[in-house]
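**Student:** Input structure: work23.txt, which contains compact mmCIF, C-alpha atoms.
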```
# COMPACT_ATOMS: atom_id res chain seq x y z
CA MET A 260 106.62 117.98 100.46
CA ILE A 261 102.93 118.65 100.39
CA ASP A 262 102.49 118.67 96.70
CA THR A 263 100.70 121.89 95.87
CA GLU A 264 102.75 122.42 92.72
CA ARG A 265 102.13 119.25 90.81
CA ARG A 266 98.99 119.98 88.83
CA ASP A 267 99.01 116.95 86.56
CA GLY A 268 100.89 113.72 85.93
CA LEU A 269 102.38 115.17 82.75
CA SER A 270 104.88 117.34 84.58
CA ASP A 271 105.58 115.10 87.56
CA PRO A 272 109.25 114.04 87.34
CA LEU A 273 108.85 110.67 89.08
CA THR A 274 105.93 109.70 86.83
CA ILE A 275 108.00 110.71 83.81
CA ALA A 276 110.96 108.67 85.09
CA GLN A 277 108.75 105.60 85.25
CA THR A 278 107.36 106.22 81.76
CA TRP A 279 110.86 106.61 80.33
CA MET A 280 112.00 103.45 82.11
CA GLU A 281 109.06 101.52 80.68
CA GLN A 282 110.02 102.79 77.23
CA GLY A 283 113.42 101.16 77.76
CA ARG A 284 115.33 104.41 78.24
CA ASP A 285 118.20 104.71 80.74
CA VAL A 286 117.27 107.18 83.45
CA ALA A 287 118.95 109.03 86.32
CA ILE A 288 117.09 110.69 89.18
CA ALA A 289 118.59 113.77 90.85
CA THR A 290 117.18 114.76 94.23
CA VAL A 291 117.84 117.80 96.42
CA VAL A 292 118.79 116.18 99.74
CA GLU A 293 120.03 119.19 101.72
CA THR A 294 119.73 122.94 101.45
CA TRP A 295 121.28 125.87 103.31
CA GLY A 296 120.32 129.51 103.08
CA SER A 297 118.01 130.70 100.38
CA ALA A 298 118.09 127.63 98.15
CA PRO A 299 115.68 127.99 95.24
CA ARG A 300 114.06 124.52 95.48
CA PRO A 301 113.26 122.62 98.68
CA SER A 302 114.68 119.25 99.73
CA GLY A 303 112.91 116.46 97.90
CA SER A 304 112.74 118.28 94.55
CA HIS A 305 113.59 116.11 91.56
CA LEU A 306 115.21 116.41 88.17
CA VAL A 307 115.04 113.31 85.99
CA ILE A 308 117.44 112.86 83.10
CA ASP A 309 117.80 110.28 80.34
CA ALA A 310 120.99 109.14 78.59
CA ARG A 311 120.46 111.61 75.75
CA GLY A 312 120.22 114.54 78.12
CA ASN A 313 116.44 114.96 78.01
CA PHE A 314 115.22 116.17 81.39
CA GLU A 315 112.11 117.11 83.39
CA GLY A 316 111.67 118.81 86.75
CA SER A 317 114.10 121.09 88.55
CA VAL A 318 116.51 121.08 91.45
CA SER A 319 117.44 124.76 91.47
CA GLY A 320 115.09 126.65 89.21
CA GLY A 321 117.68 126.75 86.44
CA CYS A 322 120.95 127.68 88.16
CA VAL A 323 122.76 124.34 88.19
CA GLU A 324 120.63 122.06 86.03
CA GLY A 325 123.19 122.02 83.23
CA ALA A 326 125.92 120.68 85.54
CA VAL A 327 123.56 118.11 87.07
CA ILE A 328 122.56 116.83 83.63
CA ALA A 329 126.23 116.43 82.68
CA GLU A 330 126.94 114.46 85.87
CA ALA A 331 123.79 112.37 85.35
CA THR A 332 125.08 111.17 82.00
CA SER A 333 128.12 109.58 83.63
CA VAL A 334 126.01 108.23 86.52
CA ILE A 335 123.90 106.45 83.90
CA GLU A 336 127.06 105.06 82.27
CA THR A 337 128.78 103.84 85.41
CA GLY A 338 125.78 103.07 87.63
CA GLU A 339 127.60 104.77 90.54
CA ALA A 340 125.51 107.27 92.48
CA ARG A 341 127.08 110.68 93.17
CA MET A 342 126.60 113.47 95.65
CA LEU A 343 126.96 116.94 94.15
CA GLU A 344 127.25 120.18 96.06
CA PHE A 345 126.67 123.66 94.72
CA GLY A 346 126.95 127.03 96.37
CA VAL A 347 128.49 130.46 96.15
CA SER A 348 131.61 129.15 97.88
CA ASP A 349 132.11 126.70 95.05
CA GLU A 350 135.09 127.69 92.96
CA THR A 351 133.04 127.28 89.82
CA ALA A 352 130.30 129.39 91.34
CA TRP A 353 130.58 132.01 88.65
CA GLN A 354 129.85 129.27 86.13
CA VAL A 355 127.23 127.05 87.70
CA GLY A 356 126.75 128.45 91.21
CA LEU A 357 123.65 129.68 92.92
CA SER A 358 123.39 133.41 92.49
CA CYS A 359 120.92 133.51 95.39
CA GLY A 360 123.73 132.71 97.86
CA GLY A 361 122.24 129.41 98.95
CA ARG A 362 123.91 126.02 98.99
CA ILE A 363 122.44 122.67 97.97
CA ARG A 364 123.42 119.02 97.93
CA ILE A 365 122.06 116.90 95.14
CA TYR A 366 122.06 113.11 95.06
CA VAL A 367 122.18 111.63 91.58
CA GLU A 368 121.40 107.93 91.14
CA ARG A 369 120.67 105.63 88.26
CA LEU A 370 117.25 104.09 88.01
CA GLY A 371 117.73 100.33 87.90
CA MET B 168 116.84 103.40 92.74
CA ASP B 169 115.30 100.03 92.13
CA PRO B 170 112.63 100.12 89.38
CA SER B 171 110.19 98.26 91.64
CA THR B 172 110.68 100.91 94.35
CA LEU B 173 109.84 103.69 91.91
CA LYS B 174 106.74 101.82 90.73
CA GLN B 175 105.61 101.24 94.31
CA LEU B 176 106.23 104.90 95.17
CA ASN B 177 104.30 106.17 92.15
CA SER B 178 101.36 103.83 92.67
CA GLN B 179 101.03 104.97 96.31
CA ARG B 180 101.22 108.60 95.24
CA SER B 181 98.59 108.25 92.54
CA ALA B 182 96.31 106.50 95.06
CA ARG B 183 96.62 109.62 97.27
CA ARG B 184 98.44 107.75 100.05
CA ALA B 185 101.14 109.53 102.08
CA VAL B 186 104.53 107.82 101.87
CA VAL B 187 108.12 108.53 102.87
CA LEU B 188 110.92 107.24 100.66
CA VAL B 189 113.98 106.45 102.79
CA THR B 190 117.29 106.45 100.90
CA ASP B 191 120.57 105.36 102.47
CA LEU B 192 122.91 107.92 100.93
CA ASP B 193 126.02 105.79 101.51
CA GLU B 194 124.74 102.53 100.13
CA GLY B 195 122.16 103.89 97.72
CA ARG B 196 119.38 101.57 98.84
CA SER B 197 115.89 102.94 99.26
CA HIS B 198 112.51 101.75 100.48
CA VAL B 199 108.99 103.08 100.82
CA ILE B 200 107.30 103.59 104.19
CA GLN B 201 103.53 104.03 104.41
CA GLU B 202 101.95 106.33 106.95
CA THR B 203 99.75 103.46 108.14
CA SER B 204 102.73 101.29 109.13
CA PRO B 205 104.66 103.09 111.87
CA VAL B 206 108.41 102.53 112.31
CA GLU B 207 110.12 101.99 115.69
CA GLY B 208 113.04 103.92 117.17
CA PRO B 209 114.84 107.08 116.07
CA LEU B 210 114.03 106.47 112.40
CA GLY B 211 110.37 106.21 113.41
CA ASP B 212 110.48 109.66 115.04
CA ALA B 213 112.10 111.19 111.97
CA VAL B 214 109.58 109.50 109.67
CA ALA B 215 106.68 110.68 111.83
CA THR B 216 107.99 114.25 111.61
CA ALA B 217 108.27 113.95 107.83
CA PHE B 218 104.67 112.77 107.58
CA ARG B 219 103.42 115.51 109.86
CA THR B 220 105.26 118.44 108.29
CA GLY B 221 105.60 117.20 104.73
CA ARG B 222 109.24 118.32 104.84
CA SER B 223 111.97 116.19 103.33
CA ALA B 224 115.35 116.09 105.07
CA THR B 225 118.61 114.22 105.54
CA VAL B 226 118.96 112.71 109.02
CA GLN B 227 121.84 110.90 110.76
CA ILE B 228 120.69 107.67 112.35
CA ASP B 229 123.12 105.10 113.83
CA GLY B 230 125.98 106.68 111.90
CA ARG B 231 124.16 106.54 108.59
CA ALA B 232 123.01 109.44 106.43
CA LEU B 233 119.42 108.77 105.44
CA PHE B 234 117.37 110.99 103.18
CA LEU B 235 113.68 110.99 104.02
CA ASN B 236 111.61 112.23 101.11
CA ALA B 237 108.06 112.94 102.24
CA HIS B 238 105.41 112.55 99.56
CA LEU B 239 102.08 113.88 100.77
CA PRO B 240 99.16 113.92 98.32
CA PRO B 241 98.03 117.22 96.84
CA PRO B 242 95.36 118.63 99.12
CA ARG B 243 91.80 118.52 97.85
CA LEU B 244 88.97 120.85 98.81
CA VAL B 245 85.47 119.49 98.40
CA MET B 246 82.67 122.03 98.68
CA ILE B 247 79.19 120.83 99.48
CA GLY B 248 76.96 123.36 97.78
CA ALA B 249 77.30 125.11 94.43
CA VAL B 250 76.55 128.45 96.06
CA HIS B 251 77.84 131.98 95.65
CA ILE B 252 80.64 131.47 98.20
CA SER B 253 81.75 128.33 96.34
CA GLN B 254 82.25 130.33 93.15
CA ALA B 255 84.80 132.56 94.88
CA LEU B 256 86.30 129.78 96.99
CA ALA B 257 86.81 127.47 94.01
CA SER B 258 88.89 130.08 92.17
CA MET B 259 90.93 131.06 95.21
CA ALA B 260 91.60 127.48 96.32
CA ARG B 261 92.84 126.53 92.87
CA LEU B 262 95.28 129.45 92.94
CA ALA B 263 96.57 128.14 96.27
CA GLY B 264 97.23 124.73 94.70
CA PHE B 265 94.21 122.73 95.84
CA ASP B 266 92.36 120.21 93.73
CA VAL B 267 88.81 121.51 93.92
CA GLU B 268 85.46 119.72 93.60
CA ILE B 269 81.86 120.74 94.18
CA ILE B 270 78.94 118.51 95.09
CA ASP B 271 75.36 119.75 94.98
CA PRO B 272 72.32 117.64 94.05
CA ARG B 273 70.34 120.78 93.13
CA THR B 274 70.82 120.94 89.38
CA ALA B 275 69.77 124.59 89.24
CA PHE B 276 72.84 125.47 91.33
CA ALA B 277 75.36 122.98 89.99
CA THR B 278 75.77 124.28 86.45
CA GLN B 279 79.01 124.36 84.48
CA GLU B 280 78.13 127.89 83.45
CA ARG B 281 78.51 129.09 87.04
CA PHE B 282 81.60 126.96 87.72
CA GLN B 283 83.73 126.92 84.63
CA GLY B 284 86.51 124.38 84.73
CA VAL B 285 85.57 123.08 88.18
CA PRO B 286 84.69 119.39 88.57
CA LEU B 287 81.03 119.48 89.49
CA HIS B 288 78.88 116.61 90.76
CA ALA B 289 75.15 117.37 90.44
CA GLN B 290 74.36 114.39 92.66
CA TRP B 291 73.67 113.60 96.30
CA PRO B 292 76.87 113.49 98.38
CA GLN B 293 76.06 109.87 99.34
CA ASP B 294 76.30 108.83 95.70
CA VAL B 295 79.48 110.78 94.96
CA LEU B 296 81.26 109.57 98.10
CA ALA B 297 80.43 105.95 97.30
CA VAL B 298 82.69 106.34 94.26
CA ARG B 299 85.11 109.05 95.43
CA PRO B 300 85.47 108.77 99.20
CA PHE B 301 87.09 111.46 101.34
CA ASP B 302 90.61 110.88 102.71
CA PRO B 303 92.87 112.57 105.29
CA PHE B 304 94.21 114.98 102.64
CA THR B 305 90.74 116.26 101.84
CA ALA B 306 89.19 119.41 103.28
CA VAL B 307 85.40 119.52 103.35
CA ALA B 308 83.41 122.74 103.49
CA ALA B 309 79.65 122.32 103.85
CA LEU B 310 78.03 125.44 102.45
CA THR B 311 74.38 124.73 101.66
CA HIS B 312 72.77 125.49 105.08
CA ASP B 313 70.57 122.47 104.34
CA PRO B 314 70.94 119.52 106.73
CA LYS B 315 69.54 117.16 104.09
CA ILE B 316 72.58 117.91 101.93
CA ASP B 317 75.27 118.90 104.46
CA ASP B 318 74.89 116.40 107.31
CA PHE B 319 75.94 113.22 105.52
CA PRO B 320 79.19 114.55 104.04
CA LEU B 321 80.09 116.30 107.31
CA GLN B 322 79.82 113.02 109.21
CA ALA B 323 81.67 111.20 106.43
CA ALA B 324 84.45 113.83 106.63
CA LEU B 325 84.85 113.27 110.37
CA GLU B 326 84.96 109.49 109.89
CA ALA B 327 87.53 109.74 107.09
CA GLY B 328 89.82 111.94 109.22
CA CYS B 329 89.71 114.84 106.76
CA PHE B 330 92.31 117.44 107.74
CA TYR B 331 89.66 120.15 107.71
CA VAL B 332 85.92 120.06 108.27
CA GLY B 333 83.97 123.31 108.18
CA ALA B 334 80.30 124.18 108.06
CA LEU B 335 78.58 127.40 107.12
CA GLY B 336 75.78 128.58 109.38
CA SER B 337 75.12 130.64 112.46
CA ARG B 338 75.91 129.49 115.97
CA LYS B 339 72.22 128.62 116.36
CA THR B 340 72.27 126.50 113.21
CA HIS B 341 75.42 124.80 114.42
CA ALA B 342 73.91 124.12 117.85
CA SER B 343 71.03 122.21 116.29
CA ARG B 344 73.49 120.46 113.96
CA MET B 345 75.48 119.31 117.00
CA GLU B 346 72.28 117.98 118.61
CA ARG B 347 71.49 115.96 115.50
CA PHE B 348 75.04 114.59 115.31
CA VAL B 349 75.05 113.57 118.99
CA ALA B 350 71.72 111.82 118.45
CA SER B 351 73.14 109.89 115.54
CA GLY B 352 76.12 108.72 117.61
CA VAL B 353 78.93 111.07 116.53
CA SER B 354 81.46 111.54 119.35
CA ARG B 355 81.90 114.87 121.12
CA ALA B 356 85.56 114.92 120.11
CA ASP B 357 84.63 114.55 116.46
CA ILE B 358 81.94 117.22 116.65
CA GLU B 359 84.52 119.58 118.17
CA ARG B 360 86.59 119.20 114.99
CA ILE B 361 83.96 121.00 112.92
CA HIS B 362 84.87 124.62 112.24
CA ALA B 363 81.58 126.45 112.63
CA PRO B 364 80.73 129.19 111.94
CA ILE B 365 83.11 128.61 109.04
CA GLY B 366 86.28 130.64 108.46
CA LEU B 367 88.75 132.71 110.45
CA ASP B 368 87.11 135.61 112.23
CA ILE B 369 88.18 138.48 109.99
CA GLY B 370 84.78 140.11 109.96
CA ALA B 371 84.06 138.66 106.51
CA SER B 372 80.79 139.76 105.00
CA SER B 373 80.64 139.27 101.21
CA PRO B 374 80.84 135.81 99.63
CA ALA B 375 84.40 136.51 98.44
CA GLU B 376 85.45 137.63 101.92
CA ILE B 377 83.95 134.50 103.47
CA ALA B 378 85.88 132.51 100.88
CA VAL B 379 89.12 134.20 101.99
CA ALA B 380 88.35 133.49 105.64
CA THR B 381 87.54 129.86 104.84
CA LEU B 382 90.58 129.27 102.63
CA ALA B 383 92.88 130.78 105.28
CA GLN B 384 91.43 128.39 107.84
CA VAL B 385 91.84 125.43 105.47
CA ILE B 386 95.50 126.35 104.82
CA HIS B 387 96.13 126.70 108.54
CA ALA B 388 94.69 123.24 109.11
CA LEU B 389 96.83 121.83 106.30
CA ARG B 390 100.08 123.34 107.53
CA THR B 391 99.49 122.33 111.18
CA ARG B 392 98.16 118.91 110.21
CA GLY B 393 98.84 116.24 112.83
CA SER B 394 100.31 118.77 115.23
CA SER B 395 98.86 118.73 118.72
CA ARG B 396 99.97 122.33 119.11
CA VAL B 397 97.01 123.83 117.33
CA GLU B 398 93.80 121.97 116.74
CA LYS B 399 91.38 124.74 115.96
CA SER B 400 92.18 128.09 114.50
CA ASP B 401 88.86 129.77 115.27
CA VAL B 402 89.53 133.06 116.88
CA ALA B 403 85.92 133.82 117.63
```
Turn this file's structure into structure tokens for me.

**Tutor:**
Amino acid sequence: MIDTERRDGLSDPLTIAQTWMEQGRDVAIATVVETWGSAPRPSGSHLVIDARGNFEGSVSGGCVEGAVIAEATSVIETGEARMLEFGVSDETAWQVGLSCGGRIRIYVERLG
Amino acid sequence: MDPSTLKQLNSQRSARRAVVLVTDLDEGRSHVIQETSPVEGPLGDAVATAFRTGRSATVQIDGRALFLNAHLPPPRLVMIGAVHISQALASMARLAGFDVEIIDPRTAFATQERFQGVPLHAQWPQDVLAVRPFDPFTAVAALTHDPKIDDFPLQAALEAGCFYVGALGSRKTHASRMERFVASGVSRADIERIHAPIGLDIGASSPAEIAVATLAQVIHALRTRGSSRVEKSDVA
């Protein structure tokens, strides 16, 4: 995306991921790779998570971050990347779905 | 993602270079593609689209799902001239997400008091550009009316491939500017890229209105960047 939102390096998820990595922390990167309908964050948006559940960035503006962070913890443990999908059609939609009616696919991978 | 890939990606981004990160969603491998090194074939077309539009997307190529994440630098607006219009334009452009800078060697104009919180260079454009050159993600608006100040950065903006180049001044002023540029060897095609008189034709009159007209034109140039569909947005 043309980055008109990132105003400083302090809040840039990929810069933070690198800093965490250099501090020796285990890190997962979650990326929105596909969206349908009125998804809250565009493709390419990142959420970065460490093994303790600290996170920066957003992939949905708050709707599904909790679920992504939980998945990221096991991605960090196993090293296996995962594809997550969220939407109103999801059976857990009432719990972690997108109230806006959109649908998103999120790729979660371990850094390193 | 490989740590070295993330480091490479971040160093390109902080150097204001456009890159696309290609991730194979089945195998998990990723690599960085620079805008200056074109790619052949269907992937090349998809990468070119990502660079042009700044949109990230998953594409199917040769039976593989590839995610192309376009990282284009934050756009920068450099105003030549710490004038009344620049005061309004600096505020508006920052709201729209631009990094804003002002260059004006006239120290009476370029005061922090008039431009609070805006990076201000009270130096000749030649000296500032030697340290902080323009790039394709920079918009340049020349606003002093003074050829001694405006001409050099305008020509530098054309050479650097800035996505927007605009100059304040009447048609008459611009006609003599074009004569000077032709005489100094600037190509016709380059001269045609200058938006002058500056701004969309919305009948702007006050400095703030001219700032709106200019910012709208800059945004249009940004969002149609690299598209052959629309080169100039001047309605006049």

**Student:** Compute the distance from (118.3, 127.7, 103.0) to each atom, counting only C-alpha atoms, keep the residues with any atom at most 10 Å away, and return them as a PDB file with C-alpha atoms, in the frame of the given file; use the coordinates of the file.

**Tutor:**
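Output below, filename selection.pdb:
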```
ATOM      1  CA  GLU A 293     120.030 119.190 101.720  1.00  0.00           C
ATOM      2  CA  THR A 294     119.730 122.940 101.450  1.00  0.00           C
ATOM      3  CA  TRP A 295     121.280 125.870 103.310  1.00  0.00           C
ATOM      4  CA  GLY A 296     120.320 129.510 103.080  1.00  0.00           C
ATOM      5  CA  SER A 297     118.010 130.700 100.380  1.00  0.00           C
ATOM      6  CA  ALA A 298     118.090 127.630  98.150  1.00  0.00           C
ATOM      7  CA  PRO A 299     115.680 127.990  95.240  1.00  0.00           C
ATOM      8  CA  ARG A 300     114.060 124.520  95.480  1.00  0.00           C
ATOM      9  CA  PRO A 301     113.260 122.620  98.680  1.00  0.00           C
ATOM     10  CA  SER A 302     114.680 119.250  99.730  1.00  0.00           C
ATOM     11  CA  CYS A 359     120.920 133.510  95.390  1.00  0.00           C
ATOM     12  CA  GLY A 360     123.730 132.710  97.860  1.00  0.00           C
ATOM     13  CA  GLY A 361     122.240 129.410  98.950  1.00  0.00           C
ATOM     14  CA  ARG A 362     123.910 126.020  98.990  1.00  0.00           C
ATOM     15  CA  ILE A 363     122.440 122.670  97.970  1.00  0.00           C
TER      16      ILE A 363
END
```

**Student:** Provide the atom CA of Arg364 of chain A to atom CA of Ile386 of chain B distance in Å, to one decimal place.

**Tutor:**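 Computing the Euclidean distance for atom CA of Arg364 of chain A and atom CA of Ile386 of chain B yields 29.7 Å.
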
**Student:** Which residues come within 8 Å of Val267 of chain B, counting all atoms listed in the file, excluding same-chain residues fewer than 3 positions away, as a list in words?

**Tutor:**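 After dropping sequence-adjacent residues, the list is Arg243, Leu244, Val245, Met246, Ala257, Ala260, Arg261, Val285 and Pro286 of chain B.
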
**Student:** Using only C-alpha atoms, which residue out of B:Leu192, B:Ala249, B:Val332, B:Ala327 lies closest to Glu359 of chain B?

**Tutor:** B:Val332

**Student:** Quick one: residues within 10 Å of Met345 of chain B, only C-alpha atoms, excluding same-chain residues fewer than 4 positions away - as a list in words?

**Tutor:**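 Residues near the query, excluding close chain neighbours: Lys339, Thr340, His341, Val349, Ala350, Ser351, Val353, Arg355, Ile358, Glu359 and Ile361 of chain B.
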
**Student:** Identify the residues around (116.9, 102.0, 86.5) within a radius of 10 Å, measuring from only C-alpha atoms in the coordinates stated by the file, and give them as a list in words.

**Tutor:**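 Here is the list of nearby residues: Ala276, Gln277, Trp279, Met280, Glu281, Gly283, Arg284, Asp285, Val286, Ala287, Ile288, Ile335, Gly338, Glu368, Arg369, Leu370 and Gly371 of chain A; Met168, Asp169, Pro170, Ser171 and Leu173 of chain B.
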
**Student:** So what do you get for atom CA of Gly336 of chain B versus atom CA of Pro241 of chain B, distance-wise?

**Tutor:**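 Rounded to one decimal, the two atoms are 28.0 Å apart.
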
**Student:** Take segment 329-344 of chain A, bring it up to N, CA and C atoms, and give me the output as a PDB file, in the frame of the given file.

**Tutor:**
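In the end it all went to out-v8.pdb:
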```
ATOM      1  N   ALA A 329     124.952 116.967  83.121  1.00  0.00           N
ATOM      2  CA  ALA A 329     126.230 116.430  82.680  1.00  0.00           C
ATOM      3  C   ALA A 329     126.694 115.294  83.599  1.00  0.00           C
ATOM      4  N   GLU A 330     126.557 115.497  84.913  1.00  0.00           N
ATOM      5  CA  GLU A 330     126.940 114.460  85.870  1.00  0.00           C
ATOM      6  C   GLU A 330     126.046 113.229  85.713  1.00  0.00           C
ATOM      7  N   ALA A 331     124.750 113.481  85.455  1.00  0.00           N
ATOM      8  CA  ALA A 331     123.790 112.370  85.350  1.00  0.00           C
ATOM      9  C   ALA A 331     124.171 111.435  84.209  1.00  0.00           C
ATOM     10  N   THR A 332     124.703 111.997  83.145  1.00  0.00           N
ATOM     11  CA  THR A 332     125.080 111.170  82.000  1.00  0.00           C
ATOM     12  C   THR A 332     126.125 110.133  82.413  1.00  0.00           C
ATOM     13  N   SER A 333     127.111 110.561  83.235  1.00  0.00           N
ATOM     14  CA  SER A 333     128.120 109.580  83.630  1.00  0.00           C
ATOM     15  C   SER A 333     127.593 108.649  84.721  1.00  0.00           C
ATOM     16  N   VAL A 334     126.640 109.123  85.539  1.00  0.00           N
ATOM     17  CA  VAL A 334     126.010 108.230  86.520  1.00  0.00           C
ATOM     18  C   VAL A 334     125.259 107.108  85.785  1.00  0.00           C
ATOM     19  N   ILE A 335     124.601 107.466  84.686  1.00  0.00           N
ATOM     20  CA  ILE A 335     123.900 106.450  83.900  1.00  0.00           C
ATOM     21  C   ILE A 335     124.895 105.448  83.314  1.00  0.00           C
ATOM     22  N   GLU A 336     126.055 105.956  82.860  1.00  0.00           N
ATOM     23  CA  GLU A 336     127.060 105.060  82.270  1.00  0.00           C
ATOM     24  C   GLU A 336     127.666 104.102  83.293  1.00  0.00           C
ATOM     25  N   THR A 337     128.045 104.662  84.439  1.00  0.00           N
ATOM     26  CA  THR A 337     128.780 103.840  85.410  1.00  0.00           C
ATOM     27  C   THR A 337     127.861 103.117  86.400  1.00  0.00           C
ATOM     28  N   GLY A 338     126.674 103.659  86.632  1.00  0.00           N
ATOM     29  CA  GLY A 338     125.780 103.070  87.630  1.00  0.00           C
ATOM     30  C   GLY A 338     126.129 103.490  89.053  1.00  0.00           C
ATOM     31  N   GLU A 339     127.185 104.312  89.209  1.00  0.00           N
ATOM     32  CA  GLU A 339     127.600 104.770  90.540  1.00  0.00           C
ATOM     33  C   GLU A 339     126.879 106.063  90.902  1.00  0.00           C
ATOM     34  N   ALA A 340     126.195 106.057  92.040  1.00  0.00           N
ATOM     35  CA  ALA A 340     125.510 107.270  92.480  1.00  0.00           C
ATOM     36  C   ALA A 340     126.532 108.322  92.897  1.00  0.00           C
ATOM     37  N   ARG A 341     126.177 109.596  92.786  1.00  0.00           N
ATOM     38  CA  ARG A 341     127.080 110.680  93.170  1.00  0.00           C
ATOM     39  C   ARG A 341     126.357 111.723  94.003  1.00  0.00           C
ATOM     40  N   MET A 342     127.129 112.347  94.883  1.00  0.00           N
ATOM     41  CA  MET A 342     126.600 113.470  95.650  1.00  0.00           C
ATOM     42  C   MET A 342     127.243 114.738  95.116  1.00  0.00           C
ATOM     43  N   LEU A 343     126.438 115.689  94.681  1.00  0.00           N
ATOM     44  CA  LEU A 343     126.960 116.940  94.150  1.00  0.00           C
ATOM     45  C   LEU A 343     126.634 118.065  95.124  1.00  0.00           C
ATOM     46  N   GLU A 344     127.523 119.034  95.200  1.00  0.00           N
ATOM     47  CA  GLU A 344     127.250 120.180  96.060  1.00  0.00           C
ATOM     48  C   GLU A 344     127.487 121.459  95.284  1.00  0.00           C
TER      49      GLU A 344
END
```
